[in-house]
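Chemist: Sharing start.txt, compact mmCIF, C-alpha atoms and all ligand atoms:
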```
# COMPACT_ATOMS: atom_id res chain seq x y z
CA MET A 66 122.96 100.40 69.69
CA LYS A 67 122.76 102.81 72.63
CA LYS A 68 122.44 101.00 75.96
CA SER A 69 120.15 102.14 78.74
CA SER A 70 121.61 102.87 82.15
CA ILE A 71 118.32 102.26 83.96
CA HIS A 72 118.45 99.14 86.11
CA CYS A 73 115.81 100.07 88.68
CA LEU A 74 113.34 102.84 89.38
CA ASP A 75 115.86 104.85 91.39
CA ASP A 76 118.16 105.00 88.36
CA ALA A 77 115.33 106.43 86.26
CA ARG A 78 114.23 108.84 88.98
CA ASN A 79 117.77 110.12 89.63
CA LEU A 80 118.50 110.61 85.93
CA ALA A 81 115.16 112.35 85.38
CA LYS A 82 115.86 114.60 88.34
CA LYS A 83 119.10 115.73 86.71
CA LYS A 84 117.57 116.29 83.27
CA LEU A 85 114.23 117.91 84.09
CA PRO A 86 113.62 121.42 85.41
CA GLU A 87 112.71 121.25 89.08
CA MET A 88 109.11 122.31 88.42
CA ILE A 89 108.56 119.43 85.96
CA PHE A 90 110.24 116.88 88.22
CA ASP A 91 108.10 118.12 91.12
CA TYR A 92 104.95 117.88 88.99
CA VAL A 93 105.64 114.16 88.42
CA ASP A 94 107.12 113.28 91.80
CA GLY A 95 104.90 115.43 94.04
CA THR A 96 102.15 114.09 96.25
CA ALA A 97 99.12 115.46 98.07
CA LEU A 98 99.94 117.34 101.28
CA GLU A 99 102.95 115.93 103.15
CA GLY A 100 103.11 112.64 101.25
CA ASP A 101 102.11 110.42 104.20
CA GLY A 102 99.89 108.36 101.89
CA GLU A 103 102.83 107.52 99.64
CA LYS A 104 105.01 106.49 102.59
CA SER A 105 102.36 104.24 104.16
CA ASN A 106 101.62 102.53 100.84
CA TYR A 107 105.36 101.98 100.30
CA ASN A 108 105.78 100.58 103.84
CA SER A 109 102.83 98.30 103.35
CA PHE A 110 104.26 96.94 100.08
CA GLN A 111 107.57 96.30 101.84
CA LYS A 112 105.91 94.30 104.62
CA ILE A 113 104.30 91.88 102.16
CA LYS A 114 106.56 88.86 101.68
CA LEU A 115 106.21 86.11 99.10
CA LEU A 116 106.64 82.36 99.67
CA GLN A 117 109.66 80.70 98.14
CA ASN A 118 109.24 77.18 96.71
CA VAL A 119 112.49 75.50 95.68
CA LEU A 120 113.15 72.56 93.33
CA SER A 121 109.97 73.22 91.39
CA GLY A 122 111.49 72.13 88.08
CA ILE A 123 110.58 75.32 86.25
CA SER A 124 112.52 76.29 83.18
CA LYS A 125 109.87 78.16 81.19
CA LYS A 126 107.62 80.90 82.52
CA SER A 127 104.65 82.68 80.99
CA ILE A 128 103.68 86.18 82.04
CA LYS A 129 100.88 86.49 79.49
CA THR A 130 97.48 87.30 80.84
CA LYS A 131 93.98 87.77 79.47
CA ILE A 132 91.49 90.50 80.32
CA PHE A 133 88.59 91.85 78.25
CA ASN A 134 89.00 88.82 75.96
CA HIS A 135 92.46 89.92 74.88
CA GLU A 136 95.67 88.12 75.77
CA PHE A 137 98.38 90.65 76.64
CA ASP A 138 102.06 89.63 76.49
CA ILE A 139 102.83 91.31 79.81
CA PRO A 140 100.54 91.71 82.85
CA PHE A 141 100.97 95.46 83.14
CA GLY A 142 100.31 98.60 81.12
CA ILE A 143 100.72 102.35 81.37
CA ALA A 144 98.36 104.35 83.61
CA PRO A 145 96.70 107.51 82.28
CA MET A 146 98.77 110.60 82.97
CA GLY A 147 98.10 114.15 81.91
CA MET A 148 100.73 116.31 80.21
CA CYS A 149 103.28 113.51 79.74
CA ASN A 150 104.95 115.51 76.95
CA LEU A 151 106.30 117.87 79.60
CA VAL A 152 108.92 115.28 80.49
CA ASN A 153 109.85 114.61 76.86
CA SER A 154 108.21 116.09 73.76
CA LYS A 155 107.71 112.60 72.33
CA ALA A 156 106.31 111.00 75.50
CA ASP A 157 102.74 110.43 74.24
CA ILE A 158 104.04 108.99 70.98
CA SER A 159 106.55 106.76 72.79
CA ILE A 160 103.79 105.47 75.07
CA ALA A 161 101.61 104.80 72.03
CA LYS A 162 104.46 102.90 70.29
CA LEU A 163 105.03 100.84 73.43
CA ALA A 164 101.54 99.33 73.16
CA ARG A 165 102.23 97.44 69.92
CA LYS A 166 105.83 96.64 70.82
CA PHE A 167 104.80 94.75 73.97
CA ASN A 168 101.18 93.93 73.12
CA SER A 169 100.08 95.71 76.26
CA PRO A 170 97.51 98.43 76.99
CA VAL A 171 98.46 102.08 77.37
CA SER A 172 96.14 104.84 78.56
CA PHE A 173 95.69 108.40 77.38
CA SER A 174 94.37 111.07 79.68
CA THR A 175 91.73 113.70 78.95
CA MET A 176 94.64 116.03 79.82
CA ALA A 177 97.01 114.53 77.21
CA SER A 178 98.98 116.84 74.95
CA THR A 179 98.23 114.69 71.89
CA SER A 180 94.70 114.36 70.55
CA LEU A 181 92.84 111.17 71.36
CA GLU A 182 92.31 110.52 67.63
CA LYS A 183 96.05 110.67 66.91
CA THR A 184 96.94 108.29 69.74
CA PHE A 185 94.21 105.83 68.73
CA ASN A 186 95.59 105.77 65.19
CA MET A 187 98.88 104.53 66.63
CA THR A 188 97.63 102.03 69.19
CA GLY A 189 94.33 100.72 67.86
CA GLU A 190 92.41 98.89 70.57
CA LEU A 191 95.49 98.64 72.81
CA GLY A 192 94.91 102.33 73.61
CA TRP A 193 92.49 103.07 76.48
CA PHE A 194 90.98 106.54 76.85
CA GLN A 195 90.66 108.10 80.31
CA LEU A 196 87.79 110.47 80.95
CA TYR A 197 87.69 113.38 83.40
CA VAL A 198 84.28 114.92 83.87
CA TYR A 199 84.12 118.57 84.85
CA ASP A 200 81.01 120.29 86.17
CA ASP A 201 79.39 120.30 82.76
CA LEU A 202 78.29 116.65 82.65
CA LYS A 203 77.12 116.87 79.05
CA SER A 204 80.64 117.78 77.91
CA GLY A 205 81.83 114.65 79.72
CA LEU A 206 79.40 112.47 77.79
CA ASP A 207 80.34 114.29 74.56
CA LEU A 208 84.02 113.54 75.12
CA ALA A 209 83.25 109.86 75.77
CA LEU A 210 81.26 109.79 72.55
CA ARG A 211 84.15 111.40 70.68
CA ALA A 212 86.49 108.69 72.01
CA GLN A 213 84.00 106.01 70.98
CA ASN A 214 83.70 107.48 67.49
CA ALA A 215 87.50 107.58 67.24
CA GLY A 216 87.51 103.80 67.76
CA TYR A 217 88.43 103.34 71.44
CA LYS A 218 86.97 100.14 72.91
CA THR A 219 88.01 100.75 76.52
CA LEU A 220 87.12 103.80 78.60
CA ILE A 221 88.49 104.62 82.04
CA LEU A 222 86.31 106.95 84.09
CA THR A 223 88.45 108.52 86.83
CA VAL A 224 86.39 109.22 89.95
CA ASP A 225 88.96 110.20 92.58
CA VAL A 226 89.43 113.82 91.49
CA PRO A 227 86.25 115.57 92.73
CA ASP A 228 88.70 118.41 93.40
CA LEU A 229 92.34 118.53 92.40
CA GLY A 230 94.56 117.44 95.31
CA ARG A 231 96.59 120.13 97.02
CA ARG A 232 100.17 119.41 95.97
CA PRO A 233 102.64 121.77 97.65
CA ARG A 234 105.45 120.92 95.22
CA GLU A 235 103.31 122.12 92.30
CA LEU A 236 102.07 125.19 94.16
CA LYS A 237 105.57 126.36 94.97
CA HIS A 238 106.37 126.59 91.23
CA ASN A 239 102.98 128.06 90.28
CA PHE A 240 102.59 125.02 88.00
CA LYS A 241 99.74 125.36 85.41
CA ALA A 242 98.36 123.17 82.62
CA GLN A 243 98.84 125.91 80.04
CA PHE A 244 102.47 126.49 80.67
CA LYS A 245 103.62 130.13 80.39
CA PRO A 246 107.04 130.34 82.03
CA THR A 247 107.68 132.96 84.70
CA PHE A 248 111.16 134.48 85.18
CA LYS A 249 111.95 131.98 87.96
CA GLN A 250 110.87 129.10 85.72
CA ILE A 251 113.04 130.39 82.84
CA VAL A 252 116.05 130.31 85.17
CA ASP A 253 115.07 126.77 86.22
CA CYS A 254 114.87 125.74 82.51
CA SER A 255 118.23 127.32 81.65
CA PHE A 256 119.93 124.86 84.03
CA HIS A 257 118.42 121.98 82.05
CA PRO A 258 119.51 122.67 78.45
CA ILE A 259 118.65 119.27 76.94
CA TRP A 260 115.05 119.56 78.13
CA SER A 261 114.84 123.23 77.12
CA LEU A 262 116.15 122.58 73.59
CA ASP A 263 113.65 119.73 73.18
CA MET A 264 110.78 122.05 74.19
CA LEU A 265 112.06 124.94 72.05
CA ALA A 266 112.37 122.68 69.01
CA ASN A 267 109.02 120.93 69.44
CA GLY A 268 106.87 123.52 71.19
CA ILE A 269 105.64 123.66 74.76
CA PRO A 270 102.90 121.03 75.13
CA SER A 271 99.36 122.02 75.97
CA PRO A 272 96.14 119.99 76.45
CA ALA A 273 95.00 118.68 73.06
CA ASN A 274 91.59 117.20 73.81
CA PHE A 275 89.77 120.49 74.28
CA GLY A 276 88.58 123.01 71.71
CA LYS A 277 91.16 125.66 70.84
CA LYS A 278 89.19 128.47 72.51
CA LEU A 279 88.64 126.68 75.79
CA LYS A 280 90.77 127.93 78.65
CA ILE A 281 91.97 124.97 80.67
CA ASP A 282 91.87 125.34 84.40
CA ARG A 283 93.18 122.24 86.17
CA ASN A 284 91.69 123.47 89.42
CA LYS A 285 88.16 123.47 88.02
CA ALA A 286 85.84 121.29 90.12
CA ARG A 287 85.24 117.79 88.85
CA GLY A 288 82.82 116.74 91.57
CA SER A 289 79.43 116.96 89.86
CA ALA A 290 79.44 113.47 88.42
CA ASP A 291 77.36 111.04 90.50
CA TRP A 292 75.99 107.50 90.26
CA LYS A 293 73.27 108.76 87.92
CA PHE A 294 76.00 110.05 85.61
CA LEU A 295 77.65 106.62 85.69
CA LYS A 296 74.33 105.12 84.55
CA SER A 297 74.19 107.53 81.59
CA LEU A 298 77.80 106.82 80.71
CA ARG A 299 77.18 103.06 80.84
CA LYS A 300 74.27 103.53 78.45
CA LEU A 301 76.42 105.49 76.03
CA TRP A 302 79.67 103.49 76.19
CA LYS A 303 79.45 100.25 74.21
CA GLY A 304 82.90 98.89 75.08
CA ASN A 305 84.72 98.03 78.31
CA LEU A 306 84.07 100.50 81.09
CA ILE A 307 86.67 100.81 83.87
CA ILE A 308 86.06 102.90 86.99
CA LYS A 309 89.38 104.23 88.29
CA GLY A 310 90.21 105.53 91.73
CA ILE A 311 88.14 103.22 93.92
CA LEU A 312 89.42 102.28 97.40
CA ASN A 313 86.14 101.64 99.19
CA PRO A 314 84.75 98.10 98.59
CA LYS A 315 81.17 99.44 98.85
CA ASP A 316 81.83 101.89 95.99
CA ALA A 317 83.34 99.03 93.99
CA LYS A 318 80.18 96.95 94.44
CA LYS A 319 77.94 99.87 93.47
CA ALA A 320 79.95 100.50 90.31
CA GLU A 321 79.81 96.79 89.43
CA LYS A 322 76.03 96.78 89.90
CA LEU A 323 75.74 99.74 87.52
CA GLY A 324 77.56 97.79 84.84
CA ALA A 325 81.27 98.56 85.24
CA ASP A 326 83.39 95.86 83.58
CA ALA A 327 86.41 96.62 85.72
CA ILE A 328 87.22 98.27 89.02
CA TYR A 329 90.54 100.06 89.03
CA VAL A 330 91.83 100.16 92.61
CA SER A 331 94.06 103.21 92.77
CA GLY A 332 95.26 105.92 95.12
CA HIS A 333 96.09 108.13 92.11
CA GLY A 334 99.80 107.75 92.88
CA SER A 335 99.19 109.36 96.32
CA ARG A 336 98.46 112.69 94.61
CA GLN A 337 94.86 113.16 95.70
CA PHE A 338 93.87 112.14 99.25
CA ASP A 339 96.72 111.84 101.74
CA SER A 340 94.60 110.16 104.43
CA SER A 341 92.89 107.62 102.18
CA PRO A 342 93.07 103.93 103.09
CA ILE A 343 96.27 102.31 101.82
CA PRO A 344 95.67 101.18 98.21
CA ILE A 345 97.56 97.86 98.38
CA GLU A 346 95.65 96.98 101.59
CA GLN A 347 92.29 97.77 99.98
CA LEU A 348 92.98 95.60 96.94
CA PRO A 349 92.04 92.20 98.50
CA LYS A 350 88.96 93.73 100.15
CA VAL A 351 87.72 95.09 96.81
CA ARG A 352 88.49 91.78 95.06
CA ALA A 353 86.56 89.85 97.72
CA ILE A 354 83.33 91.82 97.30
CA LEU A 355 83.17 91.60 93.50
CA GLN A 356 81.94 88.88 91.18
CA LYS A 357 84.61 86.64 89.69
CA ASN A 358 84.20 87.97 86.16
CA THR A 359 84.62 91.62 87.15
CA VAL A 360 88.16 92.63 86.26
CA VAL A 361 90.29 94.24 88.99
CA ILE A 362 93.08 96.59 87.94
CA PHE A 363 95.58 98.06 90.39
CA ASP A 364 98.03 100.94 90.53
CA THR A 365 99.87 103.18 93.00
CA GLY A 366 103.32 102.49 94.31
CA ILE A 367 104.38 99.68 91.96
CA ARG A 368 108.16 100.08 91.84
CA ASN A 369 109.45 96.70 90.62
CA GLY A 370 108.35 93.34 89.24
CA GLU A 371 107.91 91.77 92.67
CA ASP A 372 105.37 94.50 93.51
CA ILE A 373 103.41 93.38 90.45
CA ILE A 374 103.50 89.79 91.74
CA LYS A 375 102.27 91.01 95.14
CA ALA A 376 99.36 92.89 93.53
CA LYS A 377 98.42 89.81 91.49
CA CYS A 378 98.53 87.57 94.59
CA LEU A 379 96.29 90.05 96.41
CA GLY A 380 93.64 90.02 93.71
CA ALA A 381 94.64 92.25 90.78
CA ASP A 382 94.04 90.84 87.31
CA PHE A 383 96.18 93.57 85.80
CA VAL A 384 98.53 96.29 86.99
CA MET A 385 99.25 99.78 85.69
CA ILE A 386 102.42 101.84 86.01
CA GLY A 387 102.48 105.61 86.52
CA LYS A 388 105.48 107.63 87.70
CA PRO A 389 108.15 105.03 86.80
CA ALA A 390 107.11 105.41 83.14
CA LEU A 391 107.45 109.21 83.24
CA PHE A 392 110.81 109.06 85.04
CA SER A 393 112.09 106.59 82.44
CA LEU A 394 110.87 108.83 79.61
CA GLY A 395 112.38 111.90 81.24
CA ALA A 396 115.67 110.06 81.73
CA GLU A 397 116.16 108.40 78.35
CA GLY A 398 113.04 108.84 76.21
CA MET A 399 111.76 105.74 74.38
CA LEU A 400 114.95 103.82 75.21
CA GLY A 401 114.27 104.35 78.93
CA LEU A 402 110.61 103.38 78.62
CA ILE A 403 111.44 100.13 76.84
CA GLN A 404 114.13 99.38 79.42
CA MET A 405 111.61 99.95 82.25
CA VAL A 406 109.21 97.43 80.71
CA ASN A 407 111.98 94.89 80.13
CA ASN A 408 113.22 95.33 83.71
CA LEU A 409 109.75 94.82 85.19
CA ALA A 410 109.02 91.80 82.99
CA LYS A 411 112.35 90.19 83.92
CA GLU A 412 111.79 90.86 87.63
CA ILE A 413 108.37 89.19 87.46
CA GLU A 414 109.89 86.12 85.80
CA ILE A 415 112.73 85.87 88.33
CA GLY A 416 110.28 86.28 91.22
CA MET A 417 108.04 83.54 89.80
CA SER A 418 111.06 81.19 89.54
CA GLN A 419 111.77 81.70 93.24
CA MET A 420 108.13 81.04 94.05
CA GLY A 421 107.96 77.92 91.90
CA VAL A 422 105.22 79.32 89.66
CA SER A 423 105.44 78.88 85.90
CA ASP A 424 102.35 80.84 84.87
CA PHE A 425 101.53 84.38 86.02
CA ASN A 426 97.85 83.43 86.12
CA LEU A 427 98.56 80.85 88.86
CA LEU A 428 99.79 83.47 91.35
CA ASN A 429 97.31 83.64 94.22
CA LYS A 430 96.89 84.66 97.86
CA GLU A 431 98.22 81.32 99.15
CA LEU A 432 101.63 82.51 97.96
CA ILE A 433 101.67 85.45 100.34
CA TYR A 434 103.91 84.57 103.28
CA ASN A 435 102.06 84.83 106.59
CA GLN A 436 104.33 84.82 109.62
C1 LIG B 1 102.21 113.27 86.40
C2 LIG B 1 100.98 112.46 86.63
C3 LIG B 1 99.80 112.81 85.98
C4 LIG B 1 98.65 112.06 86.19
N1 LIG B 1 97.52 112.39 85.49
C5 LIG B 1 96.42 111.59 85.57
C6 LIG B 1 95.30 111.81 84.73
O1 LIG B 1 95.29 112.73 83.91
N2 LIG B 1 94.24 110.98 84.88
C7 LIG B 1 94.22 109.95 85.78
O2 LIG B 1 93.24 109.21 85.87
N3 LIG B 1 95.29 109.72 86.57
C8 LIG B 1 96.38 110.48 86.47
N4 LIG B 1 97.49 110.21 87.23
C9 LIG B 1 97.48 109.05 88.15
C10 LIG B 1 97.94 107.78 87.42
O3 LIG B 1 97.01 107.36 86.48
C11 LIG B 1 98.14 106.62 88.39
O4 LIG B 1 96.96 106.40 89.12
C12 LIG B 1 99.30 106.79 89.36
O5 LIG B 1 100.36 107.51 88.80
C13 LIG B 1 99.79 105.41 89.79
O6 LIG B 1 100.71 105.48 90.82
P1 LIG B 1 102.30 105.42 90.59
O7 LIG B 1 102.65 106.72 89.96
O8 LIG B 1 102.81 105.27 91.97
O9 LIG B 1 102.59 104.24 89.69
C14 LIG B 1 98.66 110.96 87.07
C15 LIG B 1 99.85 110.61 87.70
C16 LIG B 1 101.01 111.34 87.49
C17 LIG B 1 102.27 110.91 88.16
```
Can the structure from this file be put into structure tokens for me?
Ligand SMILES: Cc1cc2nc3c(=O)[nH]c(=O)nc-3n(C[C@H](O)[C@H](O)[C@H](O)COP(=O)(O)O)c2cc1C
Modeler:
Amino acid sequence: MKKSSIHCLDDARNLAKKKLPEMIFDYVDGTALEGDGEKSNYNSFQKIKLLQNVLSGISKKSIKTKIFNHEFDIPFGIAPMGMCNLVNSKADISIAKLARKFNSPVSFSTMASTSLEKTFNMTGELGWFQLYVYDDLKSGLDLALRAQNAGYKTLILTVDVPDLGRRPRELKHNFKAQFKPTFKQIVDCSFHPIWSLDMLANGIPSPANFGKKLKIDRNKARGSADWKFLKSLRKLWKGNLIIKGILNPKDAKKAEKLGADAIYVSGHGSRQFDSSPIPIEQLPKVRAILQKNTVVIFDTGIRNGEDIIKAKCLGADFVMIGKPALFSLGAEGMLGLIQMVNNLAKEIEIGMSQMGVSDFNLLNKELIYNQ
């Protein structure tokens, strides 16, 4: 069997950088403005240290965890990302397959290149649908209803894209959702033959959750949704409702009061608001203001298993992975994605051994090392 050569995120990122055209790599890797948000979040993660506890007599560890009345085998899943098939024509399908392989949730974006019905057929309830609401609020509710009718039990409403972030690395390539290559882009593609052959053989992906006639404009405003809209959505959506992109504890409390089942603390992978508060520093503040039974999910800047432990200790019930999944897919397809999950799971277990903790659910803030 073919062996993966991904041993850490840098391996996946470096391999993906070689294989993908520059414009696709920049789409995944790029941040808002100068990327200060990404650097500060990274630095903050690095400063957090975990307590070691030796001679704890631990031989077996469990990293299973339960949210929404379902026990998942691993405490992390895949964050919603639009246009994943641009890194590999089978990305959406690989992500869907991953759900059942690891009994873990995977999310599908409004901007996915595979229809929400098709992905649900592969994942069942392990698939979560992510909703973007454009200025036409009724279309937003209609899309949620379509996801509900397809069978989805968990909906993620993303609220941190009132306008699309300004991402210089996308702008420089004139990157668009409906990809029509310019001459410069064709030259870029010709230097990446494996990727180009994959796209030629399988077709250039385009958003699949919109009617055929609808012209997709990623830059269209998404800022009309308000708290009243959340009330309407809560009324419509019968299953678990997650609000994604919250960094302000007051917003978290408001969403909880309006019936959100989970608050998803996220800085959108540093792609939206460069000067936002640092996501990993906001996590404990959001956790502290919420009721115990409100689920807290975290993403942004998770790069290894110890980062997942840190997020858990700081109050996350569950963690989601963004860019590392796309780099792994771009590097080695499904093989790379599976390897990424195995690496992260192993790193969590090794970290827990050092900390003297046998059960992921026992990780808590007392295990953060305070100098
Ligand atoms: C290429 C790409 C596309 C994304 N598209 C979406 C999207 O369609 N909807 C959404 O809610 N978040 C989207 N995100 C943000 C992710 O869900 C997630 O918040 C972020 O990637 C987590 O940070 P990380 O990449 O550092 O792990 C996207 C992220 C990337 C990298």
Chemist: Kindly indicate which residue among A:Met417, A:Ile160, A:Leu120, A:Ile311 lies nearest to Leu432 (chain A), using all atoms listed in the file for the distances.
Modeler: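 For Leu432 (chain A), the nearest of the candidates is A:Met417.
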Chemist: Would you kindly return, as a ChimeraX atom specification, each protein, DNA or RNA residue with an atom no farther than 12 Å from any atom of Cys149 (chain A), considering all atoms listed in the file and excluding same-chain residues fewer than 4 positions away?
Modeler: /A:89-90,92-93,143-145,153-161,172-179,242,269-273,387-388,390-395,398
Chemist: Counting only C-alpha atoms, what is within 12 Å of Asp207 (chain A), bar same-chain residues fewer than 2 positions away, as a VMD selection string?
Modeler: chain A and resid 196 to 199 201 to 205 209 to 214 274 to 275 297 to 298 301 to 302
Chemist: Let me make sure I understand: among A:Lys237, A:Arg283, A:Lys162, A:Lys68, which one has the smallest atom-to-atom distance to ligand LIG 1 (chain B) if we use all atoms listed in the file?
Modeler: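 The shortest atom-to-atom distance to ligand LIG 1 (chain B) comes from A:Arg283.
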Chemist: Enclose the full set of atoms of ligand LIG 1 (chain B) listed in the file within a box whose edges lie along x, y and z, apply 8 Å of padding to each of the six sides, and report centre and edge lengths in Å to one decimal as JSON.
Modeler:
```
{"center_x": 98.0, "center_y": 108.8, "center_z": 87.9, "size_x": 25.6, "size_y": 25.0, "size_z": 24.1}
```
